[in-house]
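Pasted below: my_file.cif, mmCIF, N, CA and C atoms.
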```cif
data_input
loop_
_atom_site.group_PDB
_atom_site.id
_atom_site.type_symbol
_atom_site.label_atom_id
_atom_site.label_comp_id
_atom_site.auth_asym_id
_atom_site.auth_seq_id
_atom_site.Cartn_x
_atom_site.Cartn_y
_atom_site.Cartn_z
ATOM 1 N N MET M 642 -55.852 -37.608 4.670
ATOM 2 C CA MET M 642 -55.424 -36.464 3.915
ATOM 3 C C MET M 642 -55.470 -35.217 4.799
ATOM 4 N N LYS M 643 -54.449 -34.397 4.637
ATOM 5 C CA LYS M 643 -54.395 -33.185 5.440
ATOM 6 C C LYS M 643 -55.440 -32.206 4.945
ATOM 7 N N SER M 644 -55.878 -31.488 5.883
ATOM 8 C CA SER M 644 -56.855 -30.476 5.496
ATOM 9 C C SER M 644 -56.121 -29.325 4.823
ATOM 10 N N LEU M 645 -56.837 -28.548 4.116
ATOM 11 C CA LEU M 645 -56.282 -27.382 3.419
ATOM 12 C C LEU M 645 -55.651 -26.420 4.408
ATOM 13 N N GLU M 646 -56.294 -26.311 5.565
ATOM 14 C CA GLU M 646 -55.768 -25.416 6.588
ATOM 15 C C GLU M 646 -54.401 -25.892 7.084
ATOM 16 N N GLU M 647 -54.224 -27.187 7.293
ATOM 17 C CA GLU M 647 -52.943 -27.741 7.721
ATOM 18 C C GLU M 647 -51.877 -27.538 6.650
ATOM 19 N N GLN M 648 -52.245 -27.732 5.409
ATOM 20 C CA GLN M 648 -51.307 -27.533 4.303
ATOM 21 C C GLN M 648 -50.840 -26.072 4.238
ATOM 22 N N LEU M 649 -51.799 -25.150 4.393
ATOM 23 C CA LEU M 649 -51.443 -23.735 4.387
ATOM 24 C C LEU M 649 -50.534 -23.388 5.571
ATOM 25 N N GLU M 650 -50.821 -23.961 6.724
ATOM 26 C CA GLU M 650 -50.001 -23.724 7.912
ATOM 27 C C GLU M 650 -48.582 -24.253 7.707
ATOM 28 N N ASN M 651 -48.464 -25.458 7.162
ATOM 29 C CA ASN M 651 -47.141 -26.025 6.885
ATOM 30 C C ASN M 651 -46.380 -25.187 5.858
ATOM 31 N N HIS M 652 -47.086 -24.742 4.847
ATOM 32 C CA HIS M 652 -46.474 -23.907 3.826
ATOM 33 C C HIS M 652 -46.007 -22.578 4.440
ATOM 34 N N HIS M 653 -46.828 -22.005 5.305
ATOM 35 C CA HIS M 653 -46.486 -20.754 5.976
ATOM 36 C C HIS M 653 -45.238 -20.932 6.843
ATOM 37 N N LYS M 654 -45.161 -22.035 7.608
ATOM 38 C CA LYS M 654 -43.993 -22.301 8.451
ATOM 39 C C LYS M 654 -42.735 -22.466 7.604
ATOM 40 N N ALA M 655 -42.856 -23.210 6.509
ATOM 41 C CA ALA M 655 -41.704 -23.425 5.632
ATOM 42 C C ALA M 655 -41.251 -22.095 5.025
ATOM 43 N N HIS M 656 -42.204 -21.297 4.615
ATOM 44 C CA HIS M 656 -41.890 -19.990 4.039
ATOM 45 C C HIS M 656 -41.226 -19.095 5.085
ATOM 46 N N HIS M 657 -41.733 -19.130 6.306
ATOM 47 C CA HIS M 657 -41.171 -18.327 7.386
ATOM 48 C C HIS M 657 -39.722 -18.763 7.683
ATOM 49 N N LYS M 658 -39.456 -20.075 7.719
ATOM 50 C CA LYS M 658 -38.108 -20.584 7.947
ATOM 51 C C LYS M 658 -37.165 -20.142 6.823
ATOM 52 N N GLN M 659 -37.668 -20.208 5.601
ATOM 53 C CA GLN M 659 -36.851 -19.804 4.458
ATOM 54 C C GLN M 659 -36.506 -18.314 4.554
ATOM 55 N N LEU M 660 -37.499 -17.483 4.884
ATOM 56 C CA LEU M 660 -37.244 -16.045 5.041
ATOM 57 C C LEU M 660 -36.247 -15.777 6.161
ATOM 58 N N SER M 661 -36.366 -16.519 7.241
ATOM 59 C CA SER M 661 -35.453 -16.363 8.364
ATOM 60 C C SER M 661 -34.020 -16.728 7.947
ATOM 61 N N ARG M 662 -33.843 -17.825 7.226
ATOM 62 C CA ARG M 662 -32.515 -18.220 6.728
ATOM 63 C C ARG M 662 -31.952 -17.159 5.790
ATOM 64 N N LEU M 663 -32.800 -16.638 4.922
ATOM 65 C CA LEU M 663 -32.340 -15.610 3.983
ATOM 66 C C LEU M 663 -31.920 -14.334 4.711
ATOM 67 N N ARG M 664 -32.680 -13.955 5.737
ATOM 68 C CA ARG M 664 -32.300 -12.777 6.536
ATOM 69 C C ARG M 664 -30.955 -12.999 7.224
ATOM 70 N N ASP M 665 -30.771 -14.198 7.778
ATOM 71 C CA ASP M 665 -29.500 -14.521 8.426
ATOM 72 C C ASP M 665 -28.342 -14.470 7.421
ATOM 73 N N GLN M 666 -28.570 -14.991 6.235
ATOM 74 C CA GLN M 666 -27.532 -14.955 5.199
ATOM 75 C C GLN M 666 -27.196 -13.510 4.814
ATOM 76 N N ILE M 667 -28.228 -12.698 4.693
ATOM 77 C CA ILE M 667 -28.018 -11.282 4.342
ATOM 78 C C ILE M 667 -27.219 -10.586 5.448
ATOM 79 N N LEU M 668 -27.570 -10.828 6.696
ATOM 80 C CA LEU M 668 -26.841 -10.228 7.820
ATOM 81 C C LEU M 668 -25.384 -10.693 7.844
ATOM 82 N N ASP M 669 -25.159 -11.990 7.624
ATOM 83 C CA ASP M 669 -23.784 -12.508 7.585
ATOM 84 C C ASP M 669 -22.986 -11.855 6.459
ATOM 85 N N LYS M 670 -23.596 -11.737 5.313
ATOM 86 C CA LYS M 670 -22.900 -11.135 4.172
ATOM 87 C C LYS M 670 -22.641 -9.645 4.415
ATOM 88 N N GLN M 671 -23.570 -8.972 5.082
ATOM 89 C CA GLN M 671 -23.367 -7.557 5.402
ATOM 90 C C GLN M 671 -22.218 -7.386 6.397
ATOM 91 N N ARG M 672 -22.152 -8.283 7.402
ATOM 92 C CA ARG M 672 -21.037 -8.242 8.357
ATOM 93 C C ARG M 672 -19.713 -8.476 7.635
ATOM 94 N N MET M 673 -19.704 -9.457 6.750
ATOM 95 C CA MET M 673 -18.496 -9.758 5.995
ATOM 96 C C MET M 673 -18.105 -8.571 5.107
ATOM 97 N N LEU M 674 -19.075 -7.961 4.484
ATOM 98 C CA LEU M 674 -18.825 -6.788 3.640
ATOM 99 C C LEU M 674 -18.260 -5.634 4.472
ATOM 100 N N ASP M 675 -18.821 -5.428 5.661
ATOM 101 C CA ASP M 675 -18.314 -4.374 6.551
ATOM 102 C C ASP M 675 -16.869 -4.653 6.966
ATOM 103 N N GLN M 676 -16.569 -5.914 7.294
ATOM 104 C CA GLN M 676 -15.202 -6.280 7.674
ATOM 105 C C GLN M 676 -14.233 -6.065 6.515
ATOM 106 N N LEU M 677 -14.640 -6.473 5.336
ATOM 107 C CA LEU M 677 -13.778 -6.306 4.165
ATOM 108 C C LEU M 677 -13.587 -4.830 3.823
ATOM 109 N N THR M 678 -14.637 -4.045 4.003
ATOM 110 C CA THR M 678 -14.528 -2.603 3.762
ATOM 111 C C THR M 678 -13.539 -1.975 4.736
ATOM 112 N N ASP M 679 -13.633 -2.360 6.023
ATOM 113 C CA ASP M 679 -12.693 -1.847 7.026
ATOM 114 C C ASP M 679 -11.265 -2.279 6.701
ATOM 115 N N LEU M 680 -11.107 -3.538 6.346
ATOM 116 C CA LEU M 680 -9.784 -4.053 5.994
ATOM 117 C C LEU M 680 -9.222 -3.311 4.786
ATOM 118 N N ASN M 681 -10.050 -3.109 3.790
ATOM 119 C CA ASN M 681 -9.619 -2.397 2.589
ATOM 120 C C ASN M 681 -9.207 -0.962 2.925
ATOM 121 N N GLN M 682 -9.963 -0.314 3.773
ATOM 122 C CA GLN M 682 -9.633 1.056 4.177
ATOM 123 C C GLN M 682 -8.278 1.088 4.867
ATOM 124 N N GLY M 683 -8.040 0.111 5.751
ATOM 125 C CA GLY M 683 -6.747 0.021 6.417
ATOM 126 C C GLY M 683 -5.615 -0.205 5.431
ATOM 127 N N LEU M 684 -5.856 -1.064 4.450
ATOM 128 C CA LEU M 684 -4.832 -1.331 3.434
ATOM 129 C C LEU M 684 -4.561 -0.097 2.579
ATOM 130 N N LEU M 685 -5.598 0.644 2.260
ATOM 131 C CA LEU M 685 -5.411 1.866 1.479
ATOM 132 C C LEU M 685 -4.590 2.897 2.261
ATOM 133 N N LEU M 686 -4.863 3.019 3.558
ATOM 134 C CA LEU M 686 -4.088 3.937 4.392
ATOM 135 C C LEU M 686 -2.627 3.495 4.469
ATOM 136 N N GLU M 687 -2.401 2.190 4.617
ATOM 137 C CA GLU M 687 -1.040 1.661 4.671
ATOM 138 C C GLU M 687 -0.315 1.884 3.337
ATOM 139 N N GLN M 688 -1.032 1.685 2.240
ATOM 140 C CA GLN M 688 -0.438 1.923 0.925
ATOM 141 C C GLN M 688 -0.059 3.395 0.766
ATOM 142 N N GLU M 689 -0.915 4.272 1.227
ATOM 143 C CA GLU M 689 -0.639 5.708 1.145
ATOM 144 C C GLU M 689 0.606 6.068 1.966
ATOM 145 N N ARG M 690 0.705 5.476 3.171
ATOM 146 C CA ARG M 690 1.875 5.719 4.016
ATOM 147 C C ARG M 690 3.142 5.199 3.350
ATOM 148 N N LEU M 691 3.062 4.001 2.780
ATOM 149 C CA LEU M 691 4.223 3.417 2.118
ATOM 150 C C LEU M 691 4.644 4.233 0.896
ATOM 151 N N MET M 692 3.675 4.732 0.152
ATOM 152 C CA MET M 692 3.999 5.568 -1.013
ATOM 153 C C MET M 692 4.673 6.861 -0.568
ATOM 154 N N SER M 693 4.206 7.408 0.525
ATOM 155 C CA SER M 693 4.811 8.626 1.070
ATOM 156 C C SER M 693 6.252 8.350 1.500
ATOM 157 N N ASP M 694 6.453 7.230 2.199
ATOM 158 C CA ASP M 694 7.802 6.845 2.612
ATOM 159 C C ASP M 694 8.692 6.627 1.397
ATOM 160 N N TYR M 695 8.154 5.965 0.379
ATOM 161 C CA TYR M 695 8.916 5.707 -0.846
ATOM 162 C C TYR M 695 9.334 7.025 -1.507
ATOM 163 N N ASP M 696 8.390 7.943 -1.628
ATOM 164 C CA ASP M 696 8.696 9.243 -2.246
ATOM 165 C C ASP M 696 9.773 9.988 -1.455
ATOM 166 N N LYS M 697 9.678 9.925 -0.123
ATOM 167 C CA LYS M 697 10.664 10.586 0.725
ATOM 168 C C LYS M 697 12.044 9.955 0.526
ATOM 169 N N LEU M 698 12.093 8.617 0.525
ATOM 170 C CA LEU M 698 13.371 7.934 0.327
ATOM 171 C C LEU M 698 13.949 8.193 -1.061
ATOM 172 N N LYS M 699 13.085 8.235 -2.051
ATOM 173 C CA LYS M 699 13.539 8.513 -3.419
ATOM 174 C C LYS M 699 14.147 9.914 -3.495
ATOM 175 N N SER M 700 13.516 10.872 -2.848
ATOM 176 C CA SER M 700 14.025 12.240 -2.825
ATOM 177 C C SER M 700 15.379 12.298 -2.111
ATOM 178 N N GLU M 701 15.474 11.614 -0.973
ATOM 179 C CA GLU M 701 16.742 11.574 -0.242
ATOM 180 C C GLU M 701 17.837 10.935 -1.097
ATOM 181 N N GLU M 702 17.480 9.871 -1.799
ATOM 182 C CA GLU M 702 18.446 9.193 -2.668
ATOM 183 C C GLU M 702 18.951 10.140 -3.759
ATOM 184 N N GLN M 703 18.050 10.894 -4.352
ATOM 185 C CA GLN M 703 18.439 11.830 -5.402
ATOM 186 C C GLN M 703 19.345 12.927 -4.848
ATOM 187 N N GLU M 704 19.028 13.416 -3.645
ATOM 188 C CA GLU M 704 19.872 14.442 -3.021
ATOM 189 C C GLU M 704 21.269 13.897 -2.740
ATOM 190 N N LYS M 705 21.334 12.681 -2.203
ATOM 191 C CA LYS M 705 22.629 12.077 -1.891
ATOM 192 C C LYS M 705 23.416 11.780 -3.165
ATOM 193 N N ASP M 706 22.721 11.363 -4.206
ATOM 194 C CA ASP M 706 23.387 11.109 -5.477
ATOM 195 C C ASP M 706 23.982 12.402 -6.036
ATOM 196 N N ALA M 707 23.238 13.496 -5.933
ATOM 197 C CA ALA M 707 23.740 14.792 -6.411
ATOM 198 C C ALA M 707 24.968 15.215 -5.604
ATOM 199 N N LYS M 708 24.918 15.013 -4.277
ATOM 200 C CA LYS M 708 26.075 15.350 -3.441
ATOM 201 C C LYS M 708 27.282 14.481 -3.810
ATOM 202 N N LEU M 709 27.029 13.198 -4.045
ATOM 203 C CA LEU M 709 28.108 12.287 -4.427
ATOM 204 C C LEU M 709 28.738 12.719 -5.744
ATOM 205 N N GLN M 710 27.908 13.057 -6.716
ATOM 206 C CA GLN M 710 28.426 13.500 -8.014
ATOM 207 C C GLN M 710 29.268 14.761 -7.840
ATOM 208 N N LYS M 711 28.815 15.676 -6.990
ATOM 209 C CA LYS M 711 29.571 16.910 -6.740
ATOM 210 C C LYS M 711 30.906 16.580 -6.078
ATOM 211 N N LEU M 712 30.887 15.681 -5.079
ATOM 212 C CA LEU M 712 32.126 15.289 -4.404
ATOM 213 C C LEU M 712 33.092 14.602 -5.363
ATOM 214 N N LEU M 713 32.565 13.748 -6.221
ATOM 215 C CA LEU M 713 33.420 13.086 -7.215
ATOM 216 C C LEU M 713 34.037 14.103 -8.168
ATOM 217 N N PHE M 714 33.238 15.066 -8.577
ATOM 218 C CA PHE M 714 33.750 16.112 -9.466
ATOM 219 C C PHE M 714 34.884 16.877 -8.794
ATOM 220 N N TYR M 715 34.628 17.313 -7.524
ATOM 221 C CA TYR M 715 35.656 18.072 -6.814
ATOM 222 C C TYR M 715 36.877 17.216 -6.522
ATOM 223 N N SER M 716 36.664 15.945 -6.250
ATOM 224 C CA SER M 716 37.784 15.041 -5.992
ATOM 225 C C SER M 716 38.650 14.912 -7.239
ATOM 226 N N ASN M 717 38.020 14.685 -8.384
ATOM 227 C CA ASN M 717 38.769 14.590 -9.640
ATOM 228 C C ASN M 717 39.439 15.913 -9.969
ATOM 229 N N TRP M 718 38.743 17.000 -9.745
ATOM 230 C CA TRP M 718 39.306 18.328 -10.027
ATOM 231 C C TRP M 718 40.518 18.591 -9.137
ATOM 232 N N THR M 719 40.398 18.211 -7.846
ATOM 233 C CA THR M 719 41.499 18.413 -6.904
ATOM 234 C C THR M 719 42.699 17.559 -7.310
ATOM 235 N N LYS M 720 42.463 16.310 -7.698
ATOM 236 C CA LYS M 720 43.555 15.439 -8.136
ATOM 237 C C LYS M 720 44.258 16.032 -9.352
ATOM 238 N N LYS M 721 43.474 16.466 -10.323
ATOM 239 C CA LYS M 721 44.050 17.046 -11.544
ATOM 240 C C LYS M 721 44.840 18.315 -11.217
ATOM 241 N N THR M 722 44.290 19.134 -10.342
ATOM 242 C CA THR M 722 44.971 20.370 -9.950
ATOM 243 C C THR M 722 46.278 20.045 -9.234
ATOM 244 N N PHE M 723 46.244 19.063 -8.355
ATOM 245 C CA PHE M 723 47.425 18.668 -7.605
ATOM 246 C C PHE M 723 48.492 18.114 -8.550
ATOM 247 N N ILE M 724 48.068 17.269 -9.498
ATOM 248 C CA ILE M 724 49.014 16.702 -10.472
ATOM 249 C C ILE M 724 49.613 17.816 -11.316
ATOM 250 N N THR M 725 48.784 18.736 -11.743
ATOM 251 C CA THR M 725 49.268 19.869 -12.532
ATOM 252 C C THR M 725 50.266 20.677 -11.712
ATOM 253 N N PHE M 726 49.968 20.891 -10.450
ATOM 254 C CA PHE M 726 50.874 21.631 -9.571
ATOM 255 C C PHE M 726 52.210 20.906 -9.438
ATOM 256 N N LEU M 727 52.132 19.570 -9.248
ATOM 257 C CA LEU M 727 53.368 18.794 -9.120
ATOM 258 C C LEU M 727 54.184 18.841 -10.402
ATOM 259 N N LEU M 728 53.506 18.748 -11.539
ATOM 260 C CA LEU M 728 54.204 18.780 -12.810
ATOM 261 C C LEU M 728 54.878 20.130 -13.014
ATOM 262 N N CYS M 729 54.221 21.179 -12.625
ATOM 263 C CA CYS M 729 54.801 22.526 -12.739
ATOM 264 C C CYS M 729 55.998 22.664 -11.809
ATOM 265 N N GLU M 730 55.903 22.141 -10.613
ATOM 266 C CA GLU M 730 56.968 22.219 -9.630
ATOM 267 C C GLU M 730 58.196 21.446 -10.098
ATOM 268 N N THR M 731 57.986 20.246 -10.637
ATOM 269 C CA THR M 731 59.120 19.420 -11.049
ATOM 270 C C THR M 731 59.775 19.970 -12.318
ATOM 271 N N SER M 732 58.985 20.603 -13.150
ATOM 272 C CA SER M 732 59.558 21.155 -14.379
ATOM 273 C C SER M 732 60.346 22.421 -14.114
ATOM 274 N N SER M 733 60.111 23.066 -13.005
ATOM 275 C CA SER M 733 60.820 24.304 -12.688
ATOM 276 C C SER M 733 62.195 24.006 -12.105
ATOM 277 N N TYR M 734 62.483 22.801 -11.722
ATOM 278 C CA TYR M 734 63.795 22.468 -11.167
ATOM 279 C C TYR M 734 64.765 22.293 -12.238
#
```

Take the structure I supplied and represent it as structure tokens, if you would.
Amino acid sequence: MKSLEEQLENHHKAHHKQLSRLRDQILDKQRMLDQLTDLNQGLLLEQERLMSDYDKLKSEEQEKDAKLQKLLFYSNWTKKTFITFLLCETSSY
């Protein structure tokens, strides 16, 4: 039979190994958490950049749409004016 002292020593070694494994697990999880935090920060910055680009493109699209609508209006107005002019010219003969 083992002496009490040997049992306590074995228990102490087992406890020490368990604490060491737990510390290693904590360190691994902290490293993983740090990596994920860095990755998340990068993704947030990329999302912010993409949202900025989207807003800029949306604004450009609205400006171009307004210009197109104006050009279409003037084009239709010019056609109508030209037709009216032609009708007036032909009726005067």

*Record the distance separating atom CA of Lys670 of chain M and atom C of Leu684 of chain M, expressed in Å with one decimal.*
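Here the two named atoms are 21.5 Å from each other.
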
_Straight-line distance linking atom N of Gln688 of chain M with atom N of Gln671 of chain M, stated in Å to one decimal_ =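 Atom-to-atom, atom N of Gln688 of chain M and atom N of Gln671 of chain M are spaced 25.1 Å apart.
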
*asked:* Rounded to one decimal, what separation in Å do you get between atom CA of Leu709 of chain M and atom CA of Lys697 of chain M?
replied: 18.3 Å

Written-out chain M (C-alpha atoms) as a JSON list (two decimals), in the first residue's frame:
```json
[["chain", "number", "residue", "atom", "x", "y", "z"],
["M", 642, "MET", "CA", 0.00, 0.00, 0.00],
["M", 643, "LYS", "CA", 1.22, 3.45, -0.86],
["M", 644, "SER", "CA", 2.02, 5.72, 1.90],
["M", 645, "LEU", "CA", -0.08, 8.80, 2.46],
["M", 646, "GLU", "CA", 2.84, 10.92, 1.40],
["M", 647, "GLU", "CA", 3.08, 9.13, -1.97],
["M", 648, "GLN", "CA", -0.66, 9.49, -2.52],
["M", 649, "LEU", "CA", -0.47, 13.22, -1.78],
["M", 650, "GLU", "CA", 2.49, 13.58, -4.14],
["M", 651, "ASN", "CA", 0.66, 11.74, -6.93],
["M", 652, "HIS", "CA", -2.43, 13.84, -6.35],
["M", 653, "HIS", "CA", -0.31, 17.02, -6.42],
["M", 654, "LYS", "CA", 1.32, 15.98, -9.73],
["M", 655, "ALA", "CA", -2.05, 15.16, -11.28],
["M", 656, "HIS", "CA", -3.47, 18.46, -10.09],
["M", 657, "HIS", "CA", -0.44, 20.33, -11.44],
["M", 658, "LYS", "CA", -0.81, 18.62, -14.86],
["M", 659, "GLN", "CA", -4.50, 19.48, -14.93],
["M", 660, "LEU", "CA", -3.76, 23.15, -14.10],
["M", 661, "SER", "CA", -1.09, 23.23, -16.79],
["M", 662, "ARG", "CA", -3.53, 21.83, -19.41],
["M", 663, "LEU", "CA", -6.17, 24.34, -18.36],
["M", 664, "ARG", "CA", -3.69, 27.22, -18.65],
["M", 665, "ASP", "CA", -2.70, 26.02, -22.12],
["M", 666, "GLN", "CA", -6.36, 25.81, -23.14],
["M", 667, "ILE", "CA", -6.98, 29.33, -21.83],
["M", 668, "LEU", "CA", -3.97, 30.67, -23.75],
["M", 669, "ASP", "CA", -5.10, 28.92, -26.95],
["M", 670, "LYS", "CA", -8.60, 30.31, -26.59],
["M", 671, "GLN", "CA", -7.23, 33.80, -25.90],
["M", 672, "ARG", "CA", -5.07, 33.60, -29.06],
["M", 673, "MET", "CA", -8.08, 32.44, -31.04],
["M", 674, "LEU", "CA", -10.20, 35.24, -29.57],
["M", 675, "ASP", "CA", -7.51, 37.80, -30.47],
["M", 676, "GLN", "CA", -7.36, 36.46, -34.05],
["M", 677, "LEU", "CA", -11.12, 36.56, -34.40],
["M", 678, "THR", "CA", -11.24, 40.08, -32.97],
["M", 679, "ASP", "CA", -8.62, 41.23, -35.50],
["M", 680, "LEU", "CA", -10.47, 39.49, -38.32],
["M", 681, "ASN", "CA", -13.76, 41.04, -37.24],
["M", 682, "GLN", "CA", -12.17, 44.50, -37.10],
["M", 683, "GLY", "CA", -10.86, 44.02, -40.63],
["M", 684, "LEU", "CA", -14.29, 42.91, -41.82],
["M", 685, "LEU", "CA", -15.95, 45.90, -40.19],
["M", 686, "LEU", "CA", -13.50, 48.25, -41.92],
["M", 687, "GLU", "CA", -14.14, 46.52, -45.26],
["M", 688, "GLN", "CA", -17.89, 46.75, -44.72],
["M", 689, "GLU", "CA", -17.56, 50.46, -43.96],
["M", 690, "ARG", "CA", -15.53, 50.97, -47.15],
["M", 691, "LEU", "CA", -18.05, 49.03, -49.21],
["M", 692, "MET", "CA", -20.96, 51.01, -47.76],
["M", 693, "SER", "CA", -19.14, 54.23, -48.61],
["M", 694, "ASP", "CA", -18.54, 53.01, -52.16],
["M", 695, "TYR", "CA", -22.19, 51.96, -52.43],
["M", 696, "ASP", "CA", -23.41, 55.36, -51.23],
["M", 697, "LYS", "CA", -21.11, 57.11, -53.71],
["M", 698, "LEU", "CA", -22.30, 54.92, -56.60],
["M", 699, "LYS", "CA", -25.93, 55.40, -55.60],
["M", 700, "SER", "CA", -25.44, 59.17, -55.61],
["M", 701, "GLU", "CA", -23.75, 59.04, -59.02],
["M", 702, "GLU", "CA", -26.59, 56.90, -60.33],
["M", 703, "GLN", "CA", -29.17, 59.41, -59.11],
["M", 704, "GLU", "CA", -27.25, 62.30, -60.71],
["M", 705, "LYS", "CA", -26.99, 60.45, -64.03],
["M", 706, "ASP", "CA", -30.66, 59.51, -63.89],
["M", 707, "ALA", "CA", -31.60, 63.17, -63.34],
["M", 708, "LYS", "CA", -29.41, 64.19, -66.30],
["M", 709, "LEU", "CA", -30.98, 61.47, -68.45],
["M", 710, "GLN", "CA", -34.49, 62.61, -67.53],
["M", 711, "LYS", "CA", -33.54, 66.20, -68.41],
["M", 712, "LEU", "CA", -32.05, 65.09, -71.75],
["M", 713, "LEU", "CA", -35.15, 63.04, -72.54],
["M", 714, "PHE", "CA", -37.35, 66.01, -71.71],
["M", 715, "TYR", "CA", -35.32, 68.34, -73.94],
["M", 716, "SER", "CA", -35.19, 65.72, -76.69],
["M", 717, "ASN", "CA", -38.97, 65.32, -76.66],
["M", 718, "TRP", "CA", -39.44, 69.08, -76.44],
["M", 719, "THR", "CA", -37.07, 69.63, -79.38],
["M", 720, "LYS", "CA", -38.88, 66.99, -81.46],
["M", 721, "LYS", "CA", -42.26, 68.55, -80.70],
["M", 722, "THR", "CA", -40.94, 72.03, -81.47],
["M", 723, "PHE", "CA", -39.42, 70.83, -84.73],
["M", 724, "ILE", "CA", -42.65, 69.06, -85.75],
["M", 725, "THR", "CA", -44.65, 72.15, -84.88],
["M", 726, "PHE", "CA", -42.24, 74.25, -86.94],
["M", 727, "LEU", "CA", -42.56, 71.87, -89.90],
["M", 728, "LEU", "CA", -46.34, 71.88, -89.64],
["M", 729, "CYS", "CA", -46.38, 75.67, -89.61],
["M", 730, "GLU", "CA", -44.02, 75.82, -92.59],
["M", 731, "THR", "CA", -46.04, 73.37, -94.68],
["M", 732, "SER", "CA", -49.33, 75.05, -93.86],
["M", 733, "SER", "CA", -48.01, 78.41, -95.01],
["M", 734, "TYR", "CA", -47.43, 77.14, -98.56]]
```
